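First the structure, in the form of structure tokens, and then the observations on it.
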Amino acid sequence: MAGASTTPAEGMPRHVVVVLLDSLNRHLLGAYGSEEFDTPNLDRVAARALRFDNHQTGSLPCMPARHDILCGALDFLWRPWGSVELWEDAVTYDLRRGGVTTMLVSDHPHLFETGGENYHTDFGGWSYVRGHEGDPWRTAPDPSWVGAPALPAREGWIHHAYDENRTWFRSEDDFPGARTMAEATRWLAEESGAAERFLLFVDEFDPHEPFDVPEPWMSRYDPDWEGPKVIWPPYAVRAVADGWIDERTARQIRANYGAKLSFIDHQLGRLLDELDRQDRWDDTAIIVCTDHGHYLGEHDLFGKPNAPVRSTLGHIPLMVAWPGRPAGTVDALTTTVDLHATLCDVFGVAPRHRTHGRSLVPLLLGAADAAAVDAVRDWAVTGVWGRGVTVTDGRLRYLRAPEPGNRPLSMWSNRWSTMPVHAFPELRLPRPDRRATLEFMPGSDVPVIHQPFGPGDPVPFWADPEHHSERTLLYDVAEDPGETRDLAGGPAEDGVAELLRHALVELEAPAVQLERLGLS
């Protein structure tokens with residue numbers, strides 16, 4: 001294991017700022033050609049950045065994606081939502097030991113709940129901004145009802161802590177996204193100067209739901225809506241067709257996503273202004289990324305439901321402003337674990353656990369052909385534990401559904417947890433039982449609990465075949481970016497199915513994954 005270097009290697013930036021905006025839809029950003037919503041500050045980053053046009057998700061959803069970025073190992077093939085495991089370290093572990101200052105600023109509540117609670121601990125410092133989504137911050141509404149300028153708003157289909165939290169926001173500056181960007185800006189202004197090298201990681205939960213912002217932002221894209229604002233989108237397949245929402249409400253939800261997107265874009269401007277003030281662009285790499293997209297009516301889907309990972313969710317934005325490199329585009333196929341490999345490369349870190357990423361530094365330095373789709377990798381896989389698995393080669397997108405019954409299925413973990421949503425006890429996994437064995441993860445000598453799940457065993461609903469709406473799909477996204485022509489069952493499927501099998505073997509995925517996908 002190599003420690004971090006406090007002296008940058010030739011061509012490397014001294015510092016890195018990562019801005020992770022949750023649920024950021026690539027196809028709705030001005031930098032990627034959209035005119036639907038205003039994103040001037042993201043456009044401002046793009047004017048200095050390399051824009052990656054073929055960047056893909058890996059593990060989904062929120063915390064699995066952060067595991068990809070901070071630990072560099074795809075985990076959805078082995079386990080669902082969970083913490084940093086005993087056999088691995090977040091990149092911040094080596095950076096901190098090597099003298100690099102690391103700072104986390106976040107309003108993402110899952111980072112501080114069971115299943116995500118140890119990702120922050122190896123940062124040299126962290127600031128948690130309270131009150132977003134399900135954060136159990138307040139137990140009663142503000143009795144003065146001074147706050148929440150966008151009231152009234154329709155409560156979700158189930159009670160959320162946010163219903164109390166939002167009443168305590170007295171002005172625009174009190175909303176979690178605004179406070180997160182303000183705190184990150186304060187740290188840059190007041191503390192970053194003491195660091196020889198630093199990694200600032202801004203994990204901002206916006207524009208994730210609830211799509212709640214103050215006026216005039218709230219009505220910006222749907223001024224004619226009457227009645228309570230719809231800030232909680234359903235997680236639904238055939239959302240309009242099956243009556244979850246009507247077409248008018250669907251437009252309201254999409255507009256409210258846009259309002260939150262423009263709101264957090266505006267707040268991002270504070271951070272960019274401070275980078276300008278300090279003239280940091282000459283020694284600091286700025287990475288703007290996300291964990292996944294969010295369905296807002298595409299294919300009549302909303303949220304992140306039990307459905308195949310189409311491009312709306314899985315084809316995500318990535319922009320990197322690299323000192324000395326002019327703005328441009330990158331066609332190379334990349335994925336979330338590649339960000340971890342890039343950070344390791346920048347700071348001179350060699351992780352001691354097995355990782356799956358490929359550094360983007362050759363592309364950023366201009367040493368690799370940015371126009372070559374295979375400049376970094378030949379394939380990328382993505383998925384949610386217990387669901388179908390998607391592979392892409394940059395042109396074909398193959399969404400392979402599990403075999404009927406979705407068995408065999410198993411989990412590998414020593415930190416037995418899953419998505420910690422208090423309102424949904426069915427999301428929790430059953431405890432390991434006497435069928436469990438001790439196995440070893442690829443590249444590790446640390447024993448790990450391996451728990452099989454058979455027919456009839458309780459599993460979280462997303463892995464339960466009764467709740468699936470998955471079927472095998474295949475699209476040529478170069479010719480059909482809207483994914484309207486399914487090519488599954490045709491002559492192209494055999495080759496791309498073999499590509500998926502090859503990818504799983506190369507990753508040393510559990511044998512049950514190949515079996516449940518019918519690829520053994």
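Scheme for the structure tokens: letters A, B, ... for chains in order shown; per-chain residue numbers from 1; ligand numbers from 1 in order shown.
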Neighbours of Asp122 (chain A) within 10 Å (only C-alpha atoms; same-chain residues fewer than 5 positions away dropped), as a short mmCIF file (atom, residue, chain, number, x, y, z; two decimals) with N, CA, C and O atoms, in the first residue's frame?
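Okay, selection_6.cif is ready:
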```
data_model
loop_
_atom_site.label_atom_id
_atom_site.label_comp_id
_atom_site.auth_asym_id
_atom_site.auth_seq_id
_atom_site.Cartn_x
_atom_site.Cartn_y
_atom_site.Cartn_z
N ASP A 89 -10.87 -0.05 2.06
CA ASP A 89 -10.75 1.30 2.62
C ASP A 89 -11.30 2.29 1.61
O ASP A 89 -11.12 2.12 0.39
N ALA A 90 -11.92 3.36 2.10
CA ALA A 90 -12.22 4.49 1.24
C ALA A 90 -10.91 5.18 0.87
O ALA A 90 -9.92 5.12 1.61
N VAL A 91 -10.89 5.84 -0.28
CA VAL A 91 -9.68 6.50 -0.74
C VAL A 91 -9.19 7.53 0.28
O VAL A 91 -7.99 7.79 0.41
N THR A 92 -10.09 8.08 1.07
CA THR A 92 -9.72 9.09 2.05
C THR A 92 -8.83 8.53 3.16
O THR A 92 -8.11 9.28 3.81
N TYR A 93 -8.88 7.22 3.38
CA TYR A 93 -8.02 6.60 4.39
C TYR A 93 -6.56 6.82 4.05
O TYR A 93 -5.76 7.28 4.87
N ASP A 94 -6.16 6.50 2.82
CA ASP A 94 -4.78 6.68 2.41
C ASP A 94 -4.41 8.15 2.26
O ASP A 94 -3.28 8.55 2.56
N LEU A 95 -5.36 8.96 1.79
CA LEU A 95 -5.06 10.38 1.64
C LEU A 95 -4.77 11.02 2.98
O LEU A 95 -3.80 11.79 3.14
N ARG A 96 -5.60 10.73 3.97
CA ARG A 96 -5.41 11.32 5.30
C ARG A 96 -4.09 10.88 5.91
O ARG A 96 -3.36 11.68 6.50
N ARG A 97 -3.77 9.59 5.77
CA ARG A 97 -2.51 9.08 6.31
C ARG A 97 -1.31 9.70 5.61
O ARG A 97 -0.23 9.82 6.19
N THR A 102 -8.50 16.24 3.74
CA THR A 102 -9.75 15.80 3.11
C THR A 102 -10.93 16.36 3.89
O THR A 102 -10.98 16.28 5.11
N MET A 103 -11.88 16.91 3.17
CA MET A 103 -13.04 17.55 3.79
C MET A 103 -14.31 17.13 3.08
O MET A 103 -14.38 17.15 1.84
N LEU A 104 -15.30 16.69 3.85
CA LEU A 104 -16.62 16.33 3.34
C LEU A 104 -17.63 17.37 3.81
O LEU A 104 -17.70 17.68 5.00
#
```
Between region 310-361 of chain A and region 437-460 of chain A, at 12 Å or less, what are the per-residue closest atom pairs and their distances in Å? Count only C-alpha atoms, order by chain and rising residue number, and return it as JSON lines.
```
{"residue": "A:Pro351", "atom": "CA", "partner": "A:Gly443", "partner_atom": "CA", "distance": 11.7}
{"residue": "A:Arg352", "atom": "CA", "partner": "A:Ser444", "partner_atom": "CA", "distance": 9.3}
{"residue": "A:His353", "atom": "CA", "partner": "A:Gly443", "partner_atom": "CA", "distance": 6.8}
{"residue": "A:Arg354", "atom": "CA", "partner": "A:Gly443", "partner_atom": "CA", "distance": 5.5}
{"residue": "A:Thr355", "atom": "CA", "partner": "A:Gly443", "partner_atom": "CA", "distance": 9.0}
{"residue": "A:His356", "atom": "CA", "partner": "A:Pro442", "partner_atom": "CA", "distance": 11.1}
```
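Here CA of Ser144 (chain A) and CA of Pro228 (chain A) stand 20.0 Å from one another.
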Can you list, as an MDAnalysis selection string, every residue of region 242-303 of chain A that DSSP puts in helix (DSSP H, G or I)? chainID A and resid 247:278 280:282 298:300
If DSSP is run on the backbone, what residues of region 180-328 of chain A are strand (DSSP E)? A reply as a ChimeraX atom specification would be ideal. /A:198-204,229-230,236-237,284-289,295-296,301-303,318-321,328
Can you list, as a PyMOL selection string, every protein, DNA or RNA residue that comes within 8 Å of region 75-82 of chain A when you count only C-alpha atoms, leaving out same-chain residues fewer than 4 positions away? chain A and resi 59-61+63-64+67-68+114-116+383-386+410-413+415-419+509-510+513
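One finds CA of Gly394 (chain A) at 12.0 Å from CA of Ala371 (chain A).
Note that the spacing between CA of Ala370 (chain A) and CA of Ala49 (chain A) amounts to 13.2 Å.
Of the listed residues A:Glu133, A:Glu172, A:Asp273, A:Asp163, the one whose atoms come nearest to Leu188 (chain A) is A:Asp273, with distances taken using only C-alpha atoms.
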Counting only C-alpha atoms, what are the residues of region 310-348 of chain A within 12 Å of region 479-501 of chain A, and for each of them which pair of atoms is the nearest and at what distance in Å, to one decimal? Sort the table by chain and rising number, as a Markdown table.
```
| residue | atom | partner | partner_atom | distance |
| --- | --- | --- | --- | --- |
| A:Arg310 | CA | A:Glu483 | CA | 7.9 |
| A:Ser311 | CA | A:Glu483 | CA | 8.0 |
| A:Thr312 | CA | A:Gly482 | CA | 8.9 |
| A:His315 | CA | A:Pro481 | CA | 10.6 |
```
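Non-sequential neighbours of Ser520 (chain A) (distance at most 8 Å, separation of 4 or more positions within a chain, only C-alpha atoms) are A:Arg501, A:Ala511, A:Leu514, A:Glu515.
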Write out as a ChimeraX atom specification each polymer residue whose atoms come within 12 Å of Ala184 (chain A), counting only C-alpha atoms; drop sequence neighbours fewer than 5 positions from it. /A:17-19,103-107,125-129,177-179,189-192,199-204,267-275
